[in-house]
file my_file07.csv (CSV, C-alpha atoms and all ligand atoms)
chain,number,residue,atom,x,y,z
V,26,MET,CA,14.4,46.7,-66.5
V,27,SER,CA,13.8,44.8,-69.7
V,28,PRO,CA,13.0,46.8,-72.8
V,29,ILE,CA,9.3,46.5,-73.8
V,30,SER,CA,10.0,44.3,-76.9
V,31,PHE,CA,12.1,41.8,-74.9
V,32,LYS,CA,11.3,38.3,-76.1
V,33,THR,CA,12.4,34.8,-75.2
V,34,ARG,CA,10.9,31.5,-76.2
V,35,PHE,CA,10.3,27.8,-75.4
V,36,ALA,CA,10.5,25.6,-78.5
V,37,PRO,CA,9.6,21.9,-77.7
V,38,SER,CA,9.3,19.2,-80.4
V,39,PRO,CA,6.1,17.1,-80.1
V,40,THR,CA,7.9,13.8,-80.6
V,41,GLY,CA,7.1,12.5,-77.1
V,42,PHE,CA,5.8,13.6,-73.7
V,43,LEU,CA,7.6,16.4,-71.9
V,44,HIS,CA,9.8,15.2,-69.0
V,45,ILE,CA,11.4,16.8,-65.9
V,46,GLY,CA,14.3,18.0,-68.0
V,47,HIS,CA,11.8,20.1,-70.0
V,48,ALA,CA,10.3,21.4,-66.8
V,49,ALA,CA,13.8,22.6,-65.6
V,50,SER,CA,14.4,24.2,-69.0
V,51,VAL,CA,11.1,25.9,-69.4
V,52,TRP,CA,11.3,27.4,-65.9
V,53,THR,CA,14.7,28.8,-66.8
V,54,VAL,CA,13.2,30.4,-69.9
V,55,TRP,CA,10.3,31.7,-67.8
V,56,GLU,CA,12.7,33.3,-65.3
V,57,ASP,CA,14.6,34.9,-68.2
V,58,ALA,CA,11.3,36.2,-69.5
V,59,GLY,CA,10.8,38.0,-66.1
V,60,GLN,CA,7.9,35.5,-65.4
V,61,SER,CA,5.8,37.5,-67.9
V,62,PRO,CA,3.7,35.9,-70.6
V,63,GLU,CA,4.3,39.2,-72.6
V,64,ASN,CA,8.0,38.2,-73.0
V,65,PHE,CA,7.5,34.5,-73.4
V,66,LEU,CA,6.7,32.9,-76.8
V,67,LEU,CA,5.9,29.3,-77.6
V,68,ARG,CA,7.1,27.5,-80.7
V,69,ILE,CA,6.1,24.0,-81.7
V,70,GLU,CA,9.0,22.5,-83.5
V,71,ASP,CA,7.1,19.9,-85.5
V,72,ILE,CA,9.2,19.9,-88.6
V,73,ASP,CA,9.9,16.1,-88.5
V,74,GLN,CA,6.4,15.0,-89.6
V,75,THR,CA,7.5,11.3,-89.3
V,76,ARG,CA,8.0,11.6,-85.5
V,77,CYS,CA,5.7,14.4,-84.4
V,78,LYS,CA,2.2,13.5,-83.2
V,79,PRO,CA,-0.9,15.6,-82.4
V,80,GLU,CA,-1.3,13.9,-79.0
V,81,PHE,CA,2.2,15.0,-78.0
V,82,GLU,CA,1.5,18.6,-79.1
V,83,GLN,CA,-1.8,18.5,-77.1
V,84,SER,CA,0.1,17.3,-74.0
V,85,ILE,CA,2.6,20.2,-74.3
V,86,TYR,CA,-0.2,22.6,-73.8
V,87,GLU,CA,-1.6,20.6,-70.9
V,88,ASP,CA,1.8,20.2,-69.2
V,89,LEU,CA,2.7,23.9,-69.6
V,90,ALA,CA,-0.7,24.9,-68.1
V,91,TRP,CA,-0.1,22.5,-65.2
V,92,LEU,CA,3.3,24.2,-64.6
V,93,GLY,CA,1.4,27.5,-64.4
V,94,LEU,CA,2.9,29.0,-67.5
V,95,SER,CA,1.2,31.0,-70.2
V,96,TRP,CA,2.6,32.7,-73.3
V,97,LYS,CA,2.0,35.5,-75.7
V,98,PRO,CA,0.0,34.3,-78.8
V,99,PRO,CA,0.3,33.3,-81.6
V,100,ILE,CA,2.0,30.0,-81.2
V,101,LEU,CA,4.4,29.4,-84.1
V,102,ARG,CA,4.0,25.9,-85.6
V,103,GLN,CA,6.9,25.1,-87.9
V,104,SER,CA,4.7,22.8,-90.0
V,105,GLU,CA,2.9,25.9,-91.2
V,106,HIS,CA,6.1,27.5,-92.4
V,107,PHE,CA,7.5,25.0,-94.9
V,108,LYS,CA,7.4,27.7,-97.6
V,109,ASP,CA,9.5,30.1,-95.6
V,110,TYR,CA,12.2,27.4,-95.0
V,111,LYS,CA,12.2,26.5,-98.7
V,112,ASN,CA,12.7,30.2,-99.6
V,113,THR,CA,15.6,30.4,-97.1
V,114,LEU,CA,17.2,27.3,-98.7
V,115,ASP,CA,16.7,28.9,-102.1
V,116,THR,CA,18.5,32.0,-100.9
V,117,LEU,CA,21.5,29.9,-99.8
V,118,HIS,CA,21.3,27.9,-103.0
V,119,GLN,CA,21.4,31.1,-105.2
V,120,LYS,CA,24.5,32.1,-103.4
V,121,GLY,CA,26.0,28.7,-104.4
V,122,LEU,CA,26.5,27.7,-100.7
V,123,ILE,CA,24.6,24.4,-100.6
V,124,TYR,CA,25.2,21.1,-102.4
V,125,PRO,CA,23.3,17.9,-102.8
V,126,CYS,CA,24.8,14.9,-100.9
V,127,PHE,CA,23.9,11.5,-102.1
V,128,CYS,CA,25.9,9.5,-99.5
V,129,THR,CA,24.1,7.1,-97.2
V,130,ARG,CA,25.1,6.9,-93.5
V,131,LYS,CA,26.8,3.6,-94.2
V,132,GLU,CA,28.9,5.1,-97.0
V,133,ILE,CA,29.9,8.0,-94.9
V,134,GLU,CA,31.0,5.7,-92.1
V,135,LEU,CA,33.1,3.6,-94.5
V,136,GLU,CA,34.7,6.6,-96.2
V,137,ILE,CA,35.8,7.8,-92.7
V,138,LEU,CA,37.0,4.4,-91.7
V,139,TYR,CA,39.3,4.2,-94.7
V,140,SER,CA,40.6,7.8,-94.5
V,141,ALA,CA,43.7,8.6,-92.5
V,142,THR,CA,41.9,10.6,-89.9
V,143,ALA,CA,38.4,10.0,-88.5
V,144,PRO,CA,37.4,13.4,-87.3
V,145,HIS,CA,34.7,13.6,-84.6
V,146,GLY,CA,32.6,16.7,-84.2
V,147,THR,CA,30.0,17.7,-81.6
V,148,GLU,CA,27.3,15.9,-83.5
V,149,GLY,CA,29.2,12.7,-84.3
V,150,LEU,CA,31.4,12.0,-87.2
V,151,ILE,CA,32.3,14.9,-89.5
V,152,TYR,CA,31.2,14.4,-93.1
V,153,PRO,CA,34.3,14.0,-95.3
V,154,GLY,CA,32.9,16.1,-98.1
V,155,THR,CA,32.6,13.3,-100.7
V,156,CYS,CA,29.8,15.0,-102.7
V,157,ARG,CA,31.1,18.5,-102.3
V,158,HIS,CA,33.0,18.4,-105.6
V,159,LEU,CA,30.5,16.6,-107.9
V,160,SER,CA,30.1,18.3,-111.2
V,161,HIS,CA,26.7,19.7,-112.2
V,162,SER,CA,26.2,16.8,-114.7
V,163,GLN,CA,27.2,14.2,-112.0
V,164,GLN,CA,24.6,15.7,-109.7
V,165,THR,CA,21.9,15.7,-112.4
V,166,GLU,CA,22.7,12.1,-113.3
V,167,LYS,CA,22.2,11.0,-109.7
V,168,MET,CA,19.0,13.1,-109.4
V,169,ASN,CA,17.6,11.6,-112.6
V,170,ALA,CA,18.3,8.1,-111.2
V,171,SER,CA,16.2,9.1,-108.2
V,172,ILE,CA,18.9,8.6,-105.7
V,173,PRO,CA,17.7,10.3,-102.5
V,174,TYR,CA,19.8,13.2,-101.3
V,175,ALA,CA,20.3,15.7,-98.5
V,176,LEU,CA,21.3,19.4,-98.9
V,177,ARG,CA,24.5,20.3,-97.1
V,178,LEU,CA,26.0,23.7,-96.4
V,179,ASP,CA,29.4,24.2,-97.9
V,180,THR,CA,30.9,25.7,-94.7
V,181,HIS,CA,34.2,26.7,-96.2
V,182,LYS,CA,32.5,28.4,-99.2
V,183,ALA,CA,29.9,30.0,-96.9
V,184,TRP,CA,32.7,31.4,-94.7
V,185,SER,CA,34.5,32.8,-97.7
V,186,HIS,CA,31.3,34.4,-98.8
V,187,LEU,CA,31.0,36.6,-95.7
V,188,SER,CA,31.9,40.2,-95.8
V,189,THR,CA,33.2,40.1,-92.2
V,190,HIS,CA,35.1,37.3,-90.5
V,191,GLN,CA,34.5,38.6,-87.0
V,192,LEU,CA,31.5,36.8,-85.8
V,193,TYR,CA,30.7,37.1,-82.1
V,194,TRP,CA,27.8,36.2,-79.9
V,195,HIS,CA,27.2,36.5,-76.2
V,196,ASP,CA,26.3,33.7,-73.8
V,197,ARG,CA,24.9,34.7,-70.3
V,198,ILE,CA,27.0,32.0,-68.6
V,199,LYS,CA,30.2,31.8,-70.8
V,200,GLY,CA,30.4,35.4,-71.9
V,201,LYS,CA,31.7,36.6,-75.3
V,202,GLN,CA,32.1,33.8,-78.0
V,203,GLU,CA,33.8,34.0,-81.3
V,204,THR,CA,32.6,31.9,-84.2
V,205,THR,CA,35.5,30.9,-86.5
V,206,GLU,CA,35.8,28.8,-89.6
V,207,LYS,CA,38.1,26.4,-87.9
V,208,LEU,CA,35.6,25.8,-85.1
V,209,LEU,CA,32.7,25.3,-87.5
V,210,LEU,CA,34.7,22.8,-89.6
V,211,SER,CA,35.9,20.9,-86.6
V,212,SER,CA,32.6,20.8,-84.8
V,213,LEU,CA,30.0,20.5,-87.5
V,214,GLY,CA,31.7,20.1,-90.9
V,215,ASP,CA,29.3,20.6,-93.7
V,216,PRO,CA,25.9,20.3,-91.8
V,217,VAL,CA,22.8,18.9,-93.4
V,218,LEU,CA,20.2,21.7,-93.9
V,219,ALA,CA,17.5,19.6,-95.5
V,220,ARG,CA,16.6,15.9,-96.2
V,221,LYS,CA,14.0,14.2,-98.2
V,222,ASP,CA,11.8,13.3,-95.2
V,223,THR,CA,12.5,16.6,-93.3
V,224,PRO,CA,12.5,19.4,-95.9
V,225,ALA,CA,14.5,21.7,-93.5
V,226,SER,CA,16.8,20.9,-90.7
V,227,TYR,CA,16.5,22.0,-87.1
V,228,HIS,CA,19.4,24.4,-87.6
V,229,LEU,CA,17.8,26.2,-90.6
V,230,CYS,CA,14.3,26.4,-89.0
V,231,VAL,CA,15.4,27.5,-85.6
V,232,THR,CA,17.6,30.3,-87.0
V,233,HIS,CA,14.8,31.4,-89.3
V,234,ASP,CA,12.2,31.4,-86.7
V,235,ASP,CA,14.2,33.1,-84.0
V,236,ASN,CA,14.6,35.9,-86.4
V,237,LEU,CA,11.0,35.9,-87.6
V,238,GLN,CA,9.7,36.0,-84.0
V,239,ASP,CA,12.2,38.7,-83.1
V,240,ILE,CA,13.6,36.7,-80.2
V,241,SER,CA,16.1,38.8,-78.0
V,242,LEU,CA,17.3,36.0,-75.7
V,243,ILE,CA,17.5,32.3,-76.6
V,244,THR,CA,17.5,30.2,-73.4
V,245,ARG,CA,18.1,26.5,-74.1
V,246,GLY,CA,20.2,23.5,-72.9
V,247,LYS,CA,24.0,23.6,-73.1
V,248,ASP,CA,23.9,20.6,-75.4
V,249,LEU,CA,23.2,23.1,-78.1
V,250,PHE,CA,26.1,25.4,-77.4
V,251,PHE,CA,28.1,24.4,-80.4
V,252,SER,CA,25.1,24.5,-82.7
V,253,THR,CA,25.0,28.2,-81.9
V,254,HIS,CA,28.2,28.8,-83.9
V,255,LEU,CA,26.4,27.4,-87.0
V,256,HIS,CA,23.3,29.5,-86.2
V,257,ARG,CA,25.6,32.6,-86.0
V,258,LEU,CA,27.0,31.8,-89.4
V,259,LEU,CA,23.5,31.3,-90.9
V,260,GLN,CA,22.4,34.6,-89.3
V,261,GLU,CA,25.3,36.4,-91.0
V,262,LEU,CA,24.6,34.8,-94.4
V,263,LEU,CA,20.9,35.6,-94.2
V,264,GLY,CA,21.1,39.1,-92.8
V,265,TYR,CA,19.3,38.1,-89.5
V,266,ASN,CA,19.5,39.8,-86.1
V,267,VAL,CA,21.8,38.3,-83.5
V,268,PRO,CA,20.1,37.5,-80.2
V,269,GLU,CA,21.7,37.0,-76.9
V,270,TYR,CA,22.1,33.4,-75.6
V,271,HIS,CA,21.7,31.5,-72.3
V,272,HIS,CA,22.8,27.9,-72.5
V,273,HIS,CA,21.8,26.5,-69.2
V,274,PRO,CA,23.1,23.3,-67.5
V,275,LEU,CA,21.1,20.1,-68.1
V,276,LEU,CA,19.2,18.2,-65.4
V,277,THR,CA,20.6,14.7,-65.1
V,278,ASP,CA,19.5,11.4,-63.5
V,279,ASN,CA,21.3,9.5,-60.8
V,280,HIS,CA,23.9,8.2,-63.3
V,281,GLY,CA,24.6,11.7,-64.6
V,282,LYS,CA,22.7,11.0,-67.8
V,283,GLN,CA,20.6,13.7,-69.4
V,284,PHE,CA,16.8,13.0,-69.5
V,285,SER,CA,15.5,12.3,-73.0
V,286,LYS,CA,12.3,11.2,-74.6
V,287,ARG,CA,14.1,8.1,-76.0
V,288,ASN,CA,15.0,6.6,-72.6
V,289,HIS,CA,11.4,7.1,-71.2
V,290,SER,CA,12.3,9.6,-68.6
V,291,LEU,CA,9.8,10.6,-66.0
V,292,THR,CA,7.2,12.5,-67.9
V,293,LEU,CA,5.3,15.5,-66.5
V,294,ARG,CA,2.0,13.8,-67.1
V,295,ASP,CA,3.2,10.8,-65.0
V,296,LEU,CA,4.2,13.1,-62.2
V,297,ARG,CA,0.9,15.0,-62.4
V,298,ASN,CA,-1.1,11.7,-62.4
V,299,LYS,CA,0.9,10.5,-59.3
V,300,GLY,CA,-0.4,13.6,-57.6
V,301,LEU,CA,2.9,15.5,-57.3
V,302,GLU,CA,2.4,19.2,-56.6
V,303,VAL,CA,3.9,21.7,-59.0
V,304,LYS,CA,5.4,23.6,-56.1
V,305,THR,CA,7.1,20.5,-54.8
V,306,LEU,CA,8.5,19.7,-58.3
V,307,ARG,CA,9.8,23.3,-58.7
V,308,ASN,CA,11.6,23.2,-55.3
V,309,MET,CA,13.1,19.9,-56.1
V,310,ILE,CA,14.5,21.1,-59.4
V,311,LEU,CA,15.6,24.4,-58.0
V,312,HIS,CA,17.6,22.7,-55.3
V,313,GLY,CA,18.9,19.9,-57.6
V,314,ASN,CA,17.2,17.4,-55.4
V,315,ILE,CA,15.2,15.1,-57.7
V,316,LYS,CA,16.6,11.8,-56.4
V,317,GLU,CA,13.4,10.7,-54.7
V,318,LEU,CA,11.5,11.0,-58.0
V,319,LEU,CA,14.0,8.6,-59.7
V,320,VAL,CA,13.6,5.6,-57.4
V,401,LIG,N1,13.1,21.7,-80.4
V,401,LIG,C1,14.4,21.8,-79.8
V,401,LIG,C2,14.4,20.8,-78.6
V,401,LIG,O1,13.3,20.3,-78.2
V,401,LIG,C3,14.6,23.2,-79.3
V,401,LIG,C4,16.0,23.6,-79.3
V,401,LIG,C5,16.1,25.2,-79.1
V,401,LIG,O2,15.6,25.7,-78.1
V,401,LIG,O3,16.7,25.8,-79.9
V,401,LIG,O4,15.5,20.4,-78.2
call {"tool": "encode", "arguments": {"input": "my_file07.csv", "output": "structure tokens"}}
result
Amino acid sequence: MSPISFKTRFAPSPTGFLHIGHAASVWTVWEDAGQSPENFLLRIEDIDQTRCKPEFEQSIYEDLAWLGLSWKPPILRQSEHFKDYKNTLDTLHQKGLIYPCFCTRKEIELEILYSATAPHGTEGLIYPGTCRHLSHSQQTEKMNASIPYALRLDTHKAWSHLSTHQLYWHDRIKGKQETTEKLLLSSLGDPVLARKDTPASYHLCVTHDDNLQDISLITRGKDLFFSTHLHRLLQELLGYNVPEYHHHPLLTDNHGKQFSKRNHSLTLRDLRNKGLEVKTLRNMILHGNIKELLV
């Protein structure tokens, strides 16, 4: 039996309509929550104000209601927590663990092109650390010239700052995992924690919010498996609780491609409008038999 305070969450971003991949994911979360709204929280990850739209948020509520799901209030909306994220960034800044990076994407690509090795991480090319060693006066000069900048975590420094170097977490499918400096540097490098247009990154907000909402089990797609190593580091730096994880397999289309909002995958509202029964959809997803929806 689950303890009374057991909590899991679904955390969609309102940047498009939910698709069948989301249905598969949210049902996994719902199962992990013991199918009880008491254990199931909803978070709207609307940090990217340039891409999030009220109509997409509204459709999340409609789609989840159609799927027959309900959650324990209140809903956490990230756009109402900018101050918290700023405080979290300040904490890391005071520890001397973040630095401003003035490089454009193009400059980073060129720098990598001309370097002897071109390391690839799980989120693309690894930032070569160009701005890591700028002096305080160089940073001030660039800021005074209004050059836009992102804030990056100095992963090596952050790792050295820890009082323990034994960081573990547990995944329900893959078992015990160890986060190491080598793994962090080779998979994510010095990740961006804030940008001009998004004052806090996904990584920072999600780690903060999972702690704030006291989440015990994080169920999400396995595409985020490597990000969890970074989240584990942030948890340690910020003194947060360490939840359990369940990175589930992703639903894919006929070509083995993951569904995404960008490639206009079948949306739940499309399926609903076509008259598909939720029970039918659930069975199809459960048995990995969604082929007839894809034609
Ligand atoms: N907003 C993220 C997404 O839609 C949630 C990731 C997570 O569950 O941590 O992919």
call {"tool": "closest_residue", "arguments": {"input": "my_file07.csv", "among": "V:Lys207, V:His181, V:Leu192, V:Lys316", "to": "V:Glu261", "atoms": "all atoms listed in the file"}}
result
V:Leu192
call {"tool": "residues_near_ligand", "arguments": {"input": "my_file07.csv", "ligand": "ligand LIG 401 (chain V)", "cutoff": "9 Å", "atoms": "all atoms listed in the file", "output": "mmCIF file with C-alpha atoms, keeping the file's coordinate frame"}}
result
data_model
loop_
_atom_site.group_PDB
_atom_site.id
_atom_site.type_symbol
_atom_site.label_atom_id
_atom_site.label_comp_id
_atom_site.auth_asym_id
_atom_site.auth_seq_id
_atom_site.Cartn_x
_atom_site.Cartn_y
_atom_site.Cartn_z
ATOM 1 C CA ARG V 34 10.900 31.500 -76.200
ATOM 2 C CA PHE V 35 10.300 27.800 -75.400
ATOM 3 C CA ALA V 36 10.500 25.600 -78.500
ATOM 4 C CA PRO V 37 9.600 21.900 -77.700
ATOM 5 C CA SER V 38 9.300 19.200 -80.400
ATOM 6 C CA PRO V 39 6.100 17.100 -80.100
ATOM 7 C CA THR V 40 7.900 13.800 -80.600
ATOM 8 C CA HIS V 47 11.800 20.100 -70.000
ATOM 9 C CA ARG V 68 7.100 27.500 -80.700
ATOM 10 C CA ILE V 69 6.100 24.000 -81.700
ATOM 11 C CA GLU V 70 9.000 22.500 -83.500
ATOM 12 C CA ASP V 71 7.100 19.900 -85.500
ATOM 13 C CA TYR V 227 16.500 22.000 -87.100
ATOM 14 C CA HIS V 228 19.400 24.400 -87.600
ATOM 15 C CA VAL V 231 15.400 27.500 -85.600
ATOM 16 C CA THR V 232 17.600 30.300 -87.000
ATOM 17 C CA ASP V 235 14.200 33.100 -84.000
ATOM 18 C CA ILE V 243 17.500 32.300 -76.600
ATOM 19 C CA THR V 244 17.500 30.200 -73.400
ATOM 20 C CA ARG V 245 18.100 26.500 -74.100
ATOM 21 C CA GLY V 246 20.200 23.500 -72.900
ATOM 22 C CA ASP V 248 23.900 20.600 -75.400
ATOM 23 C CA LEU V 249 23.200 23.100 -78.100
ATOM 24 C CA SER V 252 25.100 24.500 -82.700
ATOM 25 C CA THR V 253 25.000 28.200 -81.900
#
call {"tool": "residues_near_point", "arguments": {"input": "my_file07.csv", "point": "(23.4, 39.2, -97.2)", "cutoff": "12 Å", "atoms": "all atoms listed in the file", "output": "PDB file with C-alpha atoms, in the frame of the given file"}}
result
ATOM      1  CA  THR V 113      15.600  30.400 -97.100  1.00  0.00           C
ATOM      2  CA  THR V 116      18.500  32.000-100.900  1.00  0.00           C
ATOM      3  CA  LEU V 117      21.500  29.900 -99.800  1.00  0.00           C
ATOM      4  CA  GLN V 119      21.400  31.100-105.200  1.00  0.00           C
ATOM      5  CA  LYS V 120      24.500  32.100-103.400  1.00  0.00           C
ATOM      6  CA  ALA V 183      29.900  30.000 -96.900  1.00  0.00           C
ATOM      7  CA  HIS V 186      31.300  34.400 -98.800  1.00  0.00           C
ATOM      8  CA  LEU V 187      31.000  36.600 -95.700  1.00  0.00           C
ATOM      9  CA  SER V 188      31.900  40.200 -95.800  1.00  0.00           C
ATOM     10  CA  THR V 189      33.200  40.100 -92.200  1.00  0.00           C
ATOM     11  CA  LEU V 258      27.000  31.800 -89.400  1.00  0.00           C
ATOM     12  CA  LEU V 259      23.500  31.300 -90.900  1.00  0.00           C
ATOM     13  CA  GLN V 260      22.400  34.600 -89.300  1.00  0.00           C
ATOM     14  CA  GLU V 261      25.300  36.400 -91.000  1.00  0.00           C
ATOM     15  CA  LEU V 262      24.600  34.800 -94.400  1.00  0.00           C
ATOM     16  CA  LEU V 263      20.900  35.600 -94.200  1.00  0.00           C
ATOM     17  CA  GLY V 264      21.100  39.100 -92.800  1.00  0.00           C
ATOM     18  CA  TYR V 265      19.300  38.100 -89.500  1.00  0.00           C
ATOM     19  CA  ASN V 266      19.500  39.800 -86.100  1.00  0.00           C
TER      20      ASN V 266
END
call {"tool": "residues_near_point", "arguments": {"input": "my_file07.csv", "point": "(7.7, 35.0, -80.5)", "cutoff": "12 Å", "atoms": "all atoms listed in the file", "output": "ChimeraX atom specification"}}
result
/V:30-36,58,62-69,96-102,231,233-243
call {"tool": "closest_residue", "arguments": {"input": "my_file07.csv", "among": "V:Asn298, V:Thr204, V:Asn308, V:Gln163", "to": "V:His256", "atoms": "all atoms listed in the file"}}
result
V:Thr204
call {"tool": "axis_aligned_box", "arguments": {"input": "my_file07.csv", "around": "stretch 302-307 of chain V", "padding_each_side": "6 Å", "output": "AutoDock Vina command-line options"}}
result
--center_x 6.1 --center_y 21.4 --center_z -56.9 --size_x 19.4 --size_y 16.4 --size_z 16.2
call {"tool": "atom_distance", "arguments": {"input": "my_file07.csv", "atom1": "atom CA of V:Asp196", "atom2": "atom CA of V:His271"}}
result
5.3 Å
call {"tool": "closest_residue", "arguments": {"input": "my_file07.csv", "among": "V:Gly41, V:Gly214, V:Gly313, V:Gly93", "to": "V:Trp184", "atoms": "all atoms listed in the file"}}
result
V:Gly214
call {"tool": "residues_around", "arguments": {"input": "my_file07.csv", "residues": "V:Asp115", "least_positions_apart": "2", "cutoff": "12 Å", "atoms": "only C-alpha atoms", "output": "list in words"}}
result
Lys108, Asp109, Tyr110, Lys111, Asn112, Thr113, Leu117, His118, Gln119, Lys120, Gly121, Leu122, Ile123, Tyr124, Leu176, Leu218, Ala219, Ala225, Leu229 and Leu263 of chain V
call {"tool": "atom_distance", "arguments": {"input": "my_file07.csv", "atom1": "atom CA of V:Glu166", "atom2": "atom CA of V:Leu150"}}
result
27.5 Å
call {"tool": "atom_distance", "arguments": {"input": "my_file07.csv", "atom1": "atom CA of V:Met309", "atom2": "atom CA of V:Ser61"}}
result
22.4 Å
